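K.L.:
A single structure is presented below for examination.
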2 protein chains.
Amino acid sequence: MGTSTVKDIAEKLNLSVATVSRAINNKEYVKEETRQRVLQALKEYNYVPNEIARSLKLQSTKTVAVIVPDICEAFFGKIIKGIERTIAYREYSIIVADTDEKKENEKRYLDMLFQKRIDALVFATVDLSGDYVKNYFSSFPIVFIDNIPELEDVDCVVIDNAKASRMAVEYLIERGHREIAVIIGSVKETTGYARREGYLDTLKQYEIPVDPDLIQYGNYKEDAGYRCMETLLKQRKEHPFTAVYVTCEMMTFGAIKAIHARGLRIPEDISLVGFDIQDRAKLIFPSITTVRQPESVIGRKVGELLLKRLDEKDSGKHTSEKILLEPYMEEGESVKPINGR
Amino acid sequence: MGTSTVKDIAEKLNLSVATVSRAINNKEYVKEETRQRVLQALKEYNYVPNEIARSLKLQSTKTVAVIVPDICEAFFGKIIKGIERTIAYREYSIIVADTDEKKENEKRYLDMLFQKRIDALVFATVDLSGDYVKNYFSSFPIVFIDNIPELEDVDCVVIDNAKASRMAVEYLIERGHREIAVIIGSVKETTGYARREGYLDTLKQYEIPVDPDLIQYGNYKEDAGYRCMETLLKQRKEHPFTAVYVTCEMMTFGAIKAIHARGLRIPEDISLVGFDIQDRAKLIFPSITTVRQPESVIGRKVGELLLKRLDEKDSGKHTSEKILLEPYMEEGESVKPINGR
DNA sequence: ATAAATTCTGTAAACGTTTACAGAATGGAG
DNA sequence: CTCCATTCTGTAAACGTTTACAGAATTTAT
């Protein structure tokens, strides 16, 4: 179905394009009768505004981009949905880019999106330096999620990762566990670092000595989770533990496999608390007790912050906002109370 | 970093915009020296082409939209990645829309995307009638995936769903199972219908009588899977079975829960074959044997078909293509050989 | 009735590109 | 030196909107 243009409509009705445009956009100073005639003609001639032309003129595309490392992770999917819901009423739409966790793709997309003149960006980066994205700070508002680059004055929406660890570890302590191993993604990233801090703080608070050998580091991947767990199990004689806390989803899966591979059972032999385990994985037996992030709230907060920034676009400089959200526990069957708890 | 325009560059160099534009786009008939001067200036003045203006002039946005019912499903995520990889070299980029499985959202997005003048669309619809999308057939090429609406002459890329069922059922038969229950999503949708046909055909081929009570219908959701499985288990005395084949991912999870809820074990008490179970779920014990779709191949095929359609855009009418791909089995530990197999 | 204020409409420019067309410069052949 | 072909460059229009400005029509005030 070919569409017609403002000019077409104007000619049909013997009006100028200006008047037609005004009628379409509900501007004032259009005679009611004229407006009706135009509205009628729009339907009749199947007019659909050309957003491209409009964007060019208005210098705004009404488009927000979201760059994520892996679109397949439900974590990001839910956040994206949350954002979408929040900004849709203002006629903004979303364009999603998947970087496959590669910095060079981040660059490629940033350039491309700037060329496309997006109005704003939501960025889950894997480049903690923030070297490249800096260049775009003055081009459009940017809100960071998940991992936050080490830069001054950036807008971001994240959960309190330290608190997340505190909740997980306390959950275990309350159920009688005192020897608690932990598997952590790289502490070079903000998330991993904070998660370790939370673990250490909590042990200190409950006056439980820290055994460094019970802290294993990986890289967020399943394999790493498997290897970390193997290491823990091998040294179990000398460094015993009754529970393990794994601080990210994929590593949790790896750890579970390693436990099963040794013929051990969860939670009978080892209790386990995971991180960010999504619904569908929880359906499987034994269901995992996990710390979770409120993805849809994150999405909503991001959306709200975006709208705020978009509205103040012209009006001078603002100070950046760091929005910290609360994680929560989701109880499964992977933790067994011990010592009579 | 504010950018400059072709006009800016032209003025700096005392050239016309035409010449600058030609130099930028590597057109012929530009003196080598001039071209170099321009290229130099582009860097110096930080020029970035405005895609919006270019799109308006060229009547092409170099953008392909993908509409999916749920962006959180890894199935779609992988397909999207596959498409992206395939069309990126031609400078096409992707815009993703999530309909939440609602027809009204499909309409909303179709309208919006047309306004944005996308060049092509990939559509995983939930509206089998295809009533609304029809309107856009003449506006841009459309390739359907997953569920295909009941319309003549549409381009689509899907797996052979009947064959998928044949593979699953044969897998069970080869391992000694003859009483095989099946849980199916609605047969009103193309996928579900074909999957049932494959099941029935295979039983016939092996001369196994069909027990209609062993065929349960749901709606693709986890709850339905749970209920179907409960029904099967309740009537097990009169309608015994040793294995169950569940034809979609979420229902598989529900079915597993129902089995566990009865205190039964997989595969010791009941063997199970799932459908489309994604990697991360497979990590959990017991891992599920499942039929899978080659998502990245689907993505690639879609991408290739898109490019083909985009290239022939002007050159007259084409006949539609239905690309059928092969499913494959992924072996887990959820099937136990019986009767000495 | 006239002036002033208000409402309505049209003209034309602008957004940043690409490109048909024409004209200028260059080089070579005769 | 002239002519032609070729290479290079510039002018201006076009893509489809929105909008400043001005002018026309209508209403209100005097």
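Each chain in the structure tokens gets a letter, A, B, ..., in the order shown, and its residues are numbered from 1; ligands are numbered from 1 in order too.
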For chain D, which residues have at least one atom within 7 Å of chain B, if we go by only C-alpha atoms (C1' of nucleotides)? Write them as a VMD selection string, please.

P.N.:
chain D and resid 7 to 10 15

K.L.:
With N, CA and C atoms (P, O5', C5', C4', C3', O3' and C1' of nucleotides) retained, export the selected residues as a compact mmCIF listing (two decimals), in the first residue's frame.

P.N.:
```txt
# COMPACT_ATOMS: atom_id res chain seq x y z
P DT D 7 37.81 9.78 -18.36
O5' DT D 7 38.08 11.01 -17.37
C5' DT D 7 39.38 11.61 -17.34
C4' DT D 7 39.29 12.90 -16.58
C3' DT D 7 38.77 12.76 -15.15
O3' DT D 7 39.69 13.42 -14.31
C1' DT D 7 37.64 14.48 -16.28
P DC D 8 39.63 13.17 -12.76
O5' DC D 8 38.81 14.45 -12.28
C5' DC D 8 39.49 15.71 -12.28
C4' DC D 8 38.47 16.81 -12.20
C3' DC D 8 37.73 16.96 -10.88
O3' DC D 8 38.35 18.02 -10.16
C1' DC D 8 36.40 17.48 -12.80
P DT D 9 37.82 18.38 -8.71
O5' DT D 9 36.60 19.31 -9.05
C5' DT D 9 36.84 20.64 -9.49
C4' DT D 9 35.51 21.33 -9.71
C3' DT D 9 34.64 21.47 -8.47
O3' DT D 9 34.64 22.83 -8.10
C1' DT D 9 33.38 20.82 -10.40
P DG D 10 33.77 23.33 -6.87
O5' DG D 10 32.44 23.80 -7.62
C5' DG D 10 32.55 24.70 -8.69
C4' DG D 10 31.16 25.07 -9.19
C3' DG D 10 30.17 25.43 -8.09
O3' DG D 10 29.42 26.56 -8.53
C1' DG D 10 29.31 23.64 -9.39
P DC D 15 10.67 14.80 -4.86
O5' DC D 15 10.97 13.84 -3.63
C5' DC D 15 11.96 12.83 -3.66
C4' DC D 15 12.40 12.56 -2.25
C3' DC D 15 11.34 12.89 -1.21
O3' DC D 15 10.57 11.72 -0.96
C1' DC D 15 13.54 13.62 -0.55
```

K.L.:
Could you pull out all residues of region 37-192 of chain A with a DSSP call of strand (DSSP E or B) and give them as a short mmCIF file (atom, residue, chain, number, x, y, z; two decimals) with N, CA and C atoms, in the first residue's frame?

P.N.:
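out21.cif, written as the output of this step:
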```cif
data_model
loop_
_atom_site.label_atom_id
_atom_site.label_comp_id
_atom_site.auth_asym_id
_atom_site.auth_seq_id
_atom_site.Cartn_x
_atom_site.Cartn_y
_atom_site.Cartn_z
N TYR A 47 -2.76 8.33 4.25
CA TYR A 47 -1.54 9.05 4.59
C TYR A 47 -0.88 8.48 5.84
N THR A 63 14.01 7.84 19.10
CA THR A 63 14.52 6.48 19.20
C THR A 63 15.59 6.39 20.29
N VAL A 64 15.47 5.37 21.11
CA VAL A 64 16.47 5.11 22.14
C VAL A 64 17.12 3.77 21.83
N ALA A 65 18.43 3.73 21.86
CA ALA A 65 19.12 2.47 21.60
C ALA A 65 19.52 1.80 22.91
N VAL A 66 19.52 0.47 22.89
CA VAL A 66 20.01 -0.29 24.03
C VAL A 66 21.10 -1.22 23.53
N ILE A 67 22.29 -1.08 24.08
CA ILE A 67 23.39 -1.97 23.69
C ILE A 67 23.63 -2.95 24.82
N VAL A 68 23.54 -4.24 24.51
CA VAL A 68 23.77 -5.27 25.52
C VAL A 68 24.80 -6.27 25.01
N SER A 93 10.73 4.78 20.57
CA SER A 93 10.87 3.36 20.33
C SER A 93 12.32 2.95 20.54
N ILE A 94 12.49 1.64 20.62
CA ILE A 94 13.78 1.10 21.04
C ILE A 94 14.47 0.35 19.92
N ILE A 95 15.75 0.52 19.83
CA ILE A 95 16.54 -0.26 18.90
C ILE A 95 17.62 -0.99 19.71
N VAL A 96 17.68 -2.30 19.50
CA VAL A 96 18.55 -3.13 20.34
C VAL A 96 19.80 -3.56 19.56
N ALA A 97 20.93 -3.50 20.22
CA ALA A 97 22.17 -3.95 19.59
C ALA A 97 22.85 -4.96 20.49
N ASP A 98 23.39 -6.01 19.90
CA ASP A 98 24.01 -7.10 20.64
C ASP A 98 25.49 -7.12 20.29
N ALA A 120 18.92 8.85 22.58
CA ALA A 120 19.53 8.48 23.86
C ALA A 120 20.00 7.04 23.80
N LEU A 121 20.82 6.67 24.79
CA LEU A 121 21.40 5.32 24.79
C LEU A 121 21.35 4.70 26.18
N VAL A 122 21.05 3.39 26.20
CA VAL A 122 21.21 2.60 27.42
C VAL A 122 22.32 1.60 27.13
N PHE A 123 23.28 1.54 28.01
CA PHE A 123 24.50 0.82 27.67
C PHE A 123 24.91 -0.15 28.77
N ILE A 142 23.25 9.18 28.12
CA ILE A 142 23.58 7.77 28.22
C ILE A 142 23.31 7.28 29.64
N VAL A 143 22.60 6.17 29.74
CA VAL A 143 22.38 5.55 31.05
C VAL A 143 23.04 4.19 31.04
N PHE A 144 23.88 3.94 32.01
CA PHE A 144 24.57 2.66 32.09
C PHE A 144 23.80 1.69 32.98
N ILE A 145 23.87 0.41 32.61
CA ILE A 145 23.29 -0.63 33.45
C ILE A 145 24.30 -1.75 33.61
N ASP A 155 25.33 8.57 34.52
CA ASP A 155 24.03 8.11 34.97
C ASP A 155 24.03 6.59 34.95
N CYS A 156 23.51 5.99 36.01
CA CYS A 156 23.41 4.53 35.96
C CYS A 156 22.32 4.01 36.88
N VAL A 157 21.85 2.82 36.54
CA VAL A 157 20.84 2.13 37.35
C VAL A 157 21.36 0.73 37.60
N VAL A 158 21.66 0.42 38.85
CA VAL A 158 22.21 -0.90 39.19
C VAL A 158 21.62 -1.36 40.52
N ILE A 159 21.82 -2.64 40.81
CA ILE A 159 21.43 -3.09 42.13
C ILE A 159 22.62 -2.90 43.06
N ILE A 180 31.48 -21.16 54.43
CA ILE A 180 30.79 -20.82 53.19
C ILE A 180 31.81 -20.46 52.10
N ALA A 181 31.80 -21.27 51.05
CA ALA A 181 32.70 -20.96 49.92
C ALA A 181 32.00 -19.98 48.99
N VAL A 182 32.79 -19.29 48.18
CA VAL A 182 32.18 -18.33 47.25
C VAL A 182 32.92 -18.39 45.91
N ILE A 183 32.15 -18.29 44.85
CA ILE A 183 32.74 -18.27 43.50
C ILE A 183 32.37 -16.94 42.86
N ILE A 184 33.39 -16.23 42.41
CA ILE A 184 33.18 -14.86 41.98
C ILE A 184 33.67 -14.64 40.56
#
```

K.L.:
Kindly provide, as a compact mmCIF listing (two decimals) with C-alpha atoms (C1' of nucleotides), in the first residue's frame, the residues of chain C having any atom no farther than 8 Å from an atom of chain B, counting only C-alpha atoms (C1' of nucleotides).

P.N.:
```txt
# COMPACT_ATOMS: atom_id res chain seq x y z
C1' DC C 15 16.87 20.05 8.11
C1' DG C 16 21.52 17.25 5.54
C1' DT C 17 22.02 14.57 2.08
C1' DT C 18 22.44 12.86 -3.19
```

K.L.:
At most 8 Å is the cut-off: for each residue in chain A with any atom that close to an atom of chain B, write down the nearest atom pair and the distance in Å rounded to one decimal, counting only C-alpha atoms, chain first then increasing number, as a tab-separated table.

P.N.:
```
residue	atom	partner	partner_atom	distance
A:Met1	CA	B:Ser138	CA	5.5
A:Gly2	CA	B:Ser139	CA	6.7
A:Val48	CA	B:Gln115	CA	6.5
A:Pro49	CA	B:Gln115	CA	6.1
A:Asn50	CA	B:Gln115	CA	5.5
A:Glu51	CA	B:Lys116	CA	5.1
A:Ile52	CA	B:Leu56	CA	6.0
A:Ala53	CA	B:Leu56	CA	6.1
A:Ser55	CA	B:Ile52	CA	7.1
A:Leu56	CA	B:Ile52	CA	6.0
A:Ile71	CA	B:Gly77	CA	5.7
A:Cys72	CA	B:Ala74	CA	4.7
A:Glu73	CA	B:Cys72	CA	7.0
A:Ala74	CA	B:Cys72	CA	4.7
A:Phe75	CA	B:Cys72	CA	7.9
A:Phe76	CA	B:Cys72	CA	7.8
A:Gly77	CA	B:Cys72	CA	4.7
A:Lys78	CA	B:Cys72	CA	6.6
A:Lys81	CA	B:Asp98	CA	7.5
A:Ile94	CA	B:Val96	CA	7.4
A:Ile95	CA	B:Ile95	CA	4.7
A:Val96	CA	B:Val96	CA	5.9
A:Ala97	CA	B:Ile94	CA	7.5
A:Asp98	CA	B:Lys81	CA	7.4
A:Gln115	CA	B:Glu51	CA	5.4
A:Lys116	CA	B:Glu51	CA	5.1
A:Arg117	CA	B:Asn50	CA	7.2
A:Asn135	CA	B:Met1	CA	6.5
A:Tyr136	CA	B:Met1	CA	6.5
A:Phe137	CA	B:Met1	CA	7.7
A:Ser138	CA	B:Met1	CA	5.5
A:Ser139	CA	B:Met1	CA	5.9
A:Met250	CA	B:Arg280	CA	7.5
A:Phe253	CA	B:Leu283	CA	5.9
A:Gly254	CA	B:Leu283	CA	7.3
A:Ile256	CA	B:Ile284	CA	7.2
A:Lys257	CA	B:Leu283	CA	6.9
A:His260	CA	B:Phe285	CA	7.7
A:Arg280	CA	B:Ala281	CA	7.4
A:Ala281	CA	B:Ala281	CA	5.4
A:Leu283	CA	B:Phe253	CA	5.9
A:Ile284	CA	B:Phe253	CA	6.7
A:Phe285	CA	B:Phe285	CA	7.2
```

K.L.:
Would you save the residues from that selection as a compact mmCIF listing (two decimals), in the first residue's frame, using N, CA and C atoms?

P.N.:
```txt
# COMPACT_ATOMS: atom_id res chain seq x y z
N MET A 1 0.86 -1.20 0.00
CA MET A 1 0.00 0.00 0.00
C MET A 1 0.89 1.24 0.00
N GLY A 2 1.03 1.87 -1.14
CA GLY A 2 1.81 3.10 -1.20
C GLY A 2 1.13 4.17 -0.37
N VAL A 48 0.39 8.25 5.77
CA VAL A 48 1.18 7.86 6.94
C VAL A 48 2.39 8.77 6.99
N PRO A 49 2.57 9.48 8.08
CA PRO A 49 3.69 10.42 8.13
C PRO A 49 5.03 9.72 7.92
N ASN A 50 5.93 10.39 7.28
CA ASN A 50 7.26 9.85 7.07
C ASN A 50 8.16 10.31 8.21
N GLU A 51 8.42 9.36 9.10
CA GLU A 51 9.21 9.69 10.29
C GLU A 51 10.60 10.17 9.96
N ILE A 52 11.12 9.69 8.86
CA ILE A 52 12.48 10.07 8.47
C ILE A 52 12.53 11.57 8.18
N ALA A 53 11.60 12.01 7.39
CA ALA A 53 11.56 13.43 7.06
C ALA A 53 11.33 14.25 8.32
N SER A 55 12.04 13.42 11.36
CA SER A 55 13.24 13.39 12.20
C SER A 55 14.27 14.39 11.71
N LEU A 56 14.41 14.44 10.42
CA LEU A 56 15.41 15.35 9.86
C LEU A 56 15.09 16.79 10.24
N ILE A 71 21.97 -10.57 23.85
CA ILE A 71 20.53 -10.40 23.83
C ILE A 71 19.83 -11.65 24.32
N CYS A 72 20.53 -12.78 24.32
CA CYS A 72 19.91 -14.04 24.73
C CYS A 72 19.73 -14.15 26.23
N GLU A 73 20.41 -13.31 26.98
CA GLU A 73 20.24 -13.38 28.43
C GLU A 73 18.93 -12.75 28.84
N ALA A 74 18.11 -13.53 29.49
CA ALA A 74 16.79 -13.05 29.87
C ALA A 74 16.91 -11.81 30.75
N PHE A 75 18.00 -11.73 31.49
CA PHE A 75 18.23 -10.56 32.34
C PHE A 75 18.09 -9.28 31.53
N PHE A 76 18.76 -9.24 30.40
CA PHE A 76 18.68 -8.04 29.57
C PHE A 76 17.33 -7.91 28.88
N GLY A 77 16.82 -9.04 28.46
CA GLY A 77 15.52 -9.02 27.81
C GLY A 77 14.47 -8.37 28.69
N LYS A 78 14.49 -8.73 29.96
CA LYS A 78 13.48 -8.18 30.87
C LYS A 78 13.69 -6.69 31.10
N LYS A 81 12.36 -4.88 28.09
CA LYS A 81 10.90 -4.80 28.14
C LYS A 81 10.46 -3.70 29.09
N ILE A 94 12.49 1.64 20.62
CA ILE A 94 13.78 1.10 21.04
C ILE A 94 14.47 0.35 19.92
N ILE A 95 15.75 0.52 19.83
CA ILE A 95 16.54 -0.26 18.90
C ILE A 95 17.62 -0.99 19.71
N VAL A 96 17.68 -2.30 19.50
CA VAL A 96 18.55 -3.13 20.34
C VAL A 96 19.80 -3.56 19.56
N ALA A 97 20.93 -3.50 20.22
CA ALA A 97 22.17 -3.95 19.59
C ALA A 97 22.85 -4.96 20.49
N ASP A 98 23.39 -6.01 19.90
CA ASP A 98 24.01 -7.10 20.64
C ASP A 98 25.49 -7.12 20.29
N GLN A 115 25.37 7.75 13.92
CA GLN A 115 25.00 8.08 12.53
C GLN A 115 23.49 8.09 12.36
N LYS A 116 22.86 7.17 13.05
CA LYS A 116 21.41 7.10 12.94
C LYS A 116 20.75 8.14 13.81
N ARG A 117 21.53 8.90 14.51
CA ARG A 117 21.05 10.01 15.32
C ARG A 117 20.00 9.59 16.35
N ASN A 135 33.46 9.66 24.14
CA ASN A 135 33.31 10.58 23.00
C ASN A 135 31.88 10.98 22.74
N TYR A 136 30.96 10.18 23.21
CA TYR A 136 29.57 10.44 22.88
C TYR A 136 28.79 11.11 24.00
N PHE A 137 29.48 11.38 25.09
CA PHE A 137 28.78 11.97 26.23
C PHE A 137 28.08 13.27 25.87
N SER A 138 28.66 14.00 24.97
CA SER A 138 28.04 15.28 24.62
C SER A 138 27.05 15.15 23.47
N SER A 139 26.94 13.95 22.93
CA SER A 139 26.05 13.77 21.77
C SER A 139 24.62 13.42 22.18
N MET A 250 25.64 -18.15 34.96
CA MET A 250 26.28 -19.22 34.21
C MET A 250 27.25 -20.00 35.08
N PHE A 253 25.56 -22.64 37.06
CA PHE A 253 25.27 -23.87 36.33
C PHE A 253 26.51 -24.76 36.28
N GLY A 254 27.64 -24.14 36.02
CA GLY A 254 28.89 -24.91 35.98
C GLY A 254 29.16 -25.57 37.32
N ILE A 256 27.08 -26.42 39.63
CA ILE A 256 26.15 -27.53 39.87
C ILE A 256 26.62 -28.78 39.15
N LYS A 257 27.05 -28.61 37.93
CA LYS A 257 27.54 -29.77 37.18
C LYS A 257 28.73 -30.41 37.89
N HIS A 260 27.53 -32.42 40.83
CA HIS A 260 26.92 -33.67 40.40
C HIS A 260 27.99 -34.64 39.89
N ARG A 280 13.12 -19.76 34.14
CA ARG A 280 13.01 -21.04 33.46
C ARG A 280 13.98 -22.07 34.04
N ALA A 281 15.14 -21.60 34.47
CA ALA A 281 16.11 -22.54 35.03
C ALA A 281 15.62 -23.03 36.39
N LEU A 283 12.82 -23.91 37.18
CA LEU A 283 11.78 -24.92 37.08
C LEU A 283 12.35 -26.31 37.25
N ILE A 284 13.64 -26.40 37.08
CA ILE A 284 14.26 -27.71 37.09
C ILE A 284 14.64 -28.13 38.51
N PHE A 285 14.61 -29.40 38.73
CA PHE A 285 14.89 -29.97 40.04
C PHE A 285 16.38 -30.19 40.23
```

K.L.:
Could you check how far CA of Asn219 (chain A) sits from CA of Val187 (chain A), in Å to one decimal?

P.N.:
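Separation of CA of Asn219 (chain A) and CA of Val187 (chain A): 9.2 Å.
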
K.L.:
Find the distance between CA of Glu207 (chain B) and CA of Cys228 (chain B) and write it in Å to one decimal.

P.N.:
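That distance, rounded to one decimal, is 25.2 Å.
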
K.L.:
Any idea what's packed within 9 Å of Thr191 (chain B), counting only C-alpha atoms (C1' of nucleotides), ignoring anything in its chain fewer than 6 positions away? Could you give it as a ChimeraX atom specification?

P.N.:
/B:146-148,160-162,185

K.L.:
Looking only at helix (DSSP H, G or I) from DSSP on the backbone, list the matching residues of region 49-266 of chain A as JSON, numbers by chain.

P.N.:
{"A": [51, 52, 53, 54, 55, 56, 57, 58, 74, 75, 76, 77, 78, 79, 80, 81, 82, 83, 84, 85, 86, 87, 88, 89, 90, 103, 104, 105, 106, 107, 108, 109, 110, 111, 112, 113, 114, 115, 133, 134, 135, 136, 161, 162, 163, 164, 165, 166, 167, 168, 169, 170, 171, 172, 173, 174, 190, 191, 192, 193, 194, 195, 196, 197, 198, 199, 200, 201, 202, 203, 204, 205, 212, 213, 214, 222, 223, 224, 225, 226, 227, 228, 229, 230, 231, 232, 233, 234, 249, 250, 251, 252, 253, 254, 255, 256, 257, 258, 259, 260, 261]}

K.L.:
Applying 9 Å and only C-alpha atoms (C1' of nucleotides), which residues near region 210-212 of chain B remain after dropping the ones on its own chain fewer than 3 positions away? List them as a list in words.

P.N.:
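Near region 210-212 of chain B, the qualifying residues are Glu179, Ala181, Leu200, Leu203, Lys204, Ile215, Gln216 and His239 of chain B.
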
K.L.:
Would you mind exporting N, CA and C atoms of the selected residues as an mmCIF file, in the first residue's frame?

P.N.:
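Just written: selection-v2.cif:
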```cif
data_model
loop_
_atom_site.group_PDB
_atom_site.id
_atom_site.type_symbol
_atom_site.label_atom_id
_atom_site.label_comp_id
_atom_site.auth_asym_id
_atom_site.auth_seq_id
_atom_site.Cartn_x
_atom_site.Cartn_y
_atom_site.Cartn_z
ATOM 1 N N GLU B 179 5.099 -47.319 24.377
ATOM 2 C CA GLU B 179 3.965 -46.551 24.905
ATOM 3 C C GLU B 179 4.452 -45.137 25.189
ATOM 4 N N ALA B 181 3.667 -41.153 25.431
ATOM 5 C CA ALA B 181 2.702 -40.064 25.552
ATOM 6 C C ALA B 181 3.280 -38.823 24.888
ATOM 7 N N LEU B 200 2.099 -38.970 15.011
ATOM 8 C CA LEU B 200 1.158 -39.992 14.541
ATOM 9 C C LEU B 200 1.763 -40.831 13.418
ATOM 10 N N LEU B 203 4.291 -43.420 14.759
ATOM 11 C CA LEU B 203 3.668 -44.579 15.404
ATOM 12 C C LEU B 203 3.126 -45.523 14.343
ATOM 13 N N LYS B 204 2.462 -44.958 13.355
ATOM 14 C CA LYS B 204 1.897 -45.791 12.296
ATOM 15 C C LYS B 204 3.002 -46.583 11.603
ATOM 16 N N ILE B 215 -2.425 -38.417 24.175
ATOM 17 C CA ILE B 215 -2.137 -37.135 23.517
ATOM 18 C C ILE B 215 -2.823 -36.016 24.293
ATOM 19 N N GLN B 216 -2.029 -35.136 24.846
ATOM 20 C CA GLN B 216 -2.591 -34.036 25.649
ATOM 21 C C GLN B 216 -2.289 -32.691 24.991
ATOM 22 N N HIS B 239 -3.942 -46.200 31.134
ATOM 23 C CA HIS B 239 -3.220 -45.834 29.912
ATOM 24 C C HIS B 239 -1.739 -45.722 30.223
#
```

K.L.:
Pick out the residues sitting within 9 Å of DT28 (chain D), and hand them over as a PyMOL selection string; count only C-alpha atoms (C1' of nucleotides), and ignore anything fewer than 2 positions along from it in its own chain.

P.N.:
chain C and resi 4-6

K.L.:
Pull N, CA and C atoms (P, O5', C5', C4', C3', O3' and C1' of nucleotides) from the residues just selected and write them as an mmCIF file, in the first residue's frame.

P.N.:
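Saved the output as part25.cif:
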```
data_model
loop_
_atom_site.group_PDB
_atom_site.id
_atom_site.type_symbol
_atom_site.label_atom_id
_atom_site.label_comp_id
_atom_site.auth_asym_id
_atom_site.auth_seq_id
_atom_site.Cartn_x
_atom_site.Cartn_y
_atom_site.Cartn_z
ATOM 1 P P DA C 4 -5.305 51.510 14.891
ATOM 2 O "O5'" DA C 4 -5.668 50.192 15.699
ATOM 3 C "C5'" DA C 4 -6.614 50.248 16.765
ATOM 4 C "C4'" DA C 4 -6.815 48.858 17.315
ATOM 5 C "C3'" DA C 4 -5.537 48.020 17.408
ATOM 6 O "O3'" DA C 4 -5.513 47.388 18.680
ATOM 7 C "C1'" DA C 4 -7.163 46.857 16.161
ATOM 8 P P DA C 5 -4.301 46.490 19.125
ATOM 9 O "O5'" DA C 5 -4.986 45.054 19.140
ATOM 10 C "C5'" DA C 5 -6.225 44.904 19.812
ATOM 11 C "C4'" DA C 5 -6.803 43.555 19.489
ATOM 12 C "C3'" DA C 5 -5.804 42.396 19.648
ATOM 13 O "O3'" DA C 5 -6.417 41.394 20.449
ATOM 14 C "C1'" DA C 5 -6.845 42.289 17.525
ATOM 15 P P DT C 6 -5.625 40.119 20.895
ATOM 16 O "O5'" DT C 6 -6.192 39.030 19.897
ATOM 17 C "C5'" DT C 6 -7.609 38.844 19.820
ATOM 18 C "C4'" DT C 6 -7.919 38.001 18.611
ATOM 19 C "C3'" DT C 6 -7.140 36.697 18.538
ATOM 20 O "O3'" DT C 6 -8.052 35.634 18.725
ATOM 21 C "C1'" DT C 6 -7.326 37.761 16.420
#
```

K.L.:
Can you tell me which residues surround Val133 (chain A) at a distance of at most 9 Å, considering only C-alpha atoms (C1' of nucleotides), apart from same-chain residues fewer than 4 positions away, and format the answer as a ChimeraX atom specification?

P.N.:
/A:106-107,110,137

K.L.:
Take the selection from the previous step and output its residues with C-alpha atoms, as a PDB file, in the first residue's frame.

P.N.:
```pdb
ATOM      1  CA  GLU A 106      30.625  -1.747  20.990  1.00  0.00           C
ATOM      2  CA  LYS A 107      32.584   0.757  18.958  1.00  0.00           C
ATOM      3  CA  LEU A 110      28.208   3.392  18.945  1.00  0.00           C
ATOM      4  CA  PHE A 137      28.784  11.971  26.233  1.00  0.00           C
TER       5      PHE A 137
END
```
